[in-house]
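The block underneath contains the structure these notes are about, expressed in C-alpha cells.
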Amino acid sequence: MISMDDVDKKIISFLQEDGRTSLSEIGRKLGLSHVSVRKRLKNLCESLVNVSADLNAEQLDLRIAIVSAEVETHERLRELIDIFSKCPRTVFVTTTTGAYNVMTIMVAEDADTLNAILEVCSIRAQKGIRRSEAVIGEAPVVPKYLPIKIVPNKEMEIAPCGVNCGKCLRYKNQKCLGCPATKYYRGPL
C-alpha cells in the first residue's frame with residue numbers, strides 16, 4: 001500500500017486546486033525548494049497521482065448517462081471493459097456487485113446523441129448483456145471537470161465499440177453527432 005505524508009497531501013491539494021501551480025510556488029507555501037517538490041511529485045506520479053487536462057462538462061453543455069449492466073460471463077465482462085476503456089465518450093468504467101456487474105458513465109453533447117449512444121453503442125447495446133439500466137443527467141455539478149478523451153486525428157472508420165457511424169441510421173438522420181474517434185464526427189470535441 002502506498003503511503004502519503006502530510007507534505008505529499010498538501011502538494012496534491014494545491015495541484016487539485018490549480019493544476020498549473022508552479023513547483024516554486026508550492027515550495028514557497030511549504031517551506032521547501034522547488035527541487036524537493038519536484039522530487040516528491042515525481043515519486044507520487046510513479047504510483048499515485050496522474051496529472052491530466054480535464055474538460056469543464058458544464059461549459060461544453062454535456063449530458064451524462066450512467067449505465068449499469070449485467071454481463072453474462074466474466075470473460076465478456078473483461079472484453080467490454082477493454083472496449084469501453086478506448087471509447088472517447090466513456091469517462092468511467094468499474095465492476096460492481098449486486099444486481100449489475102459493470103457500470104459506465106458516458107458523455108454526449110446533446111439529448112439526441114445521448115439517446116443514440118444508449119440505443120446503439122453503449123455497453124447496454126452490446127452482445128452478452130442480460131439486462132441493463134440507464135440514468136440520464138445534466139452535466140455534473142461535482143466534479144465540474146471530467147477526463148474526457150480528445151482524439152485529435154479523427155481517422156477511424158469504425159468506432160471503438162464496433163459501430164460504423166457512417167452506416168448508422170441515427171447518424172444519417174442527424175440524430176447523433178457520431179463517435180469523436182471517427183472521421184464521421186460532427187461535434188465540438
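Residue names in the C-alpha cells use chain letters A, B, ... in the order shown, residue numbers from 1 in each chain, and ligand numbers from 1 in the order shown.
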
Every residue of chain A that DSSP places in strand (DSSP E), as a PyMOL selection string: chain A and resi 55-56+63-71+90-95+102-108+129-137+145-146

Please run DSSP on the backbone and report, as number ranges by chain, all residues within chain A that come out as alpha helix (DSSP H). A: 6-17, 23-30, 34-47, 74-85, 111-116, 169-172

Test item: residues at most 9 Å from Ala134 (chain A), only C-alpha atoms, excluding those fewer than 6 positions along its chain, as an MDAnalysis selection string: chainID A and resid 65:69 118 124

Exercise: Tyr145 (chain A) partners within 7 Å, only C-alpha atoms, chain neighbours under 6 positions left out, as a ChimeraX atom specification: /A:54-57
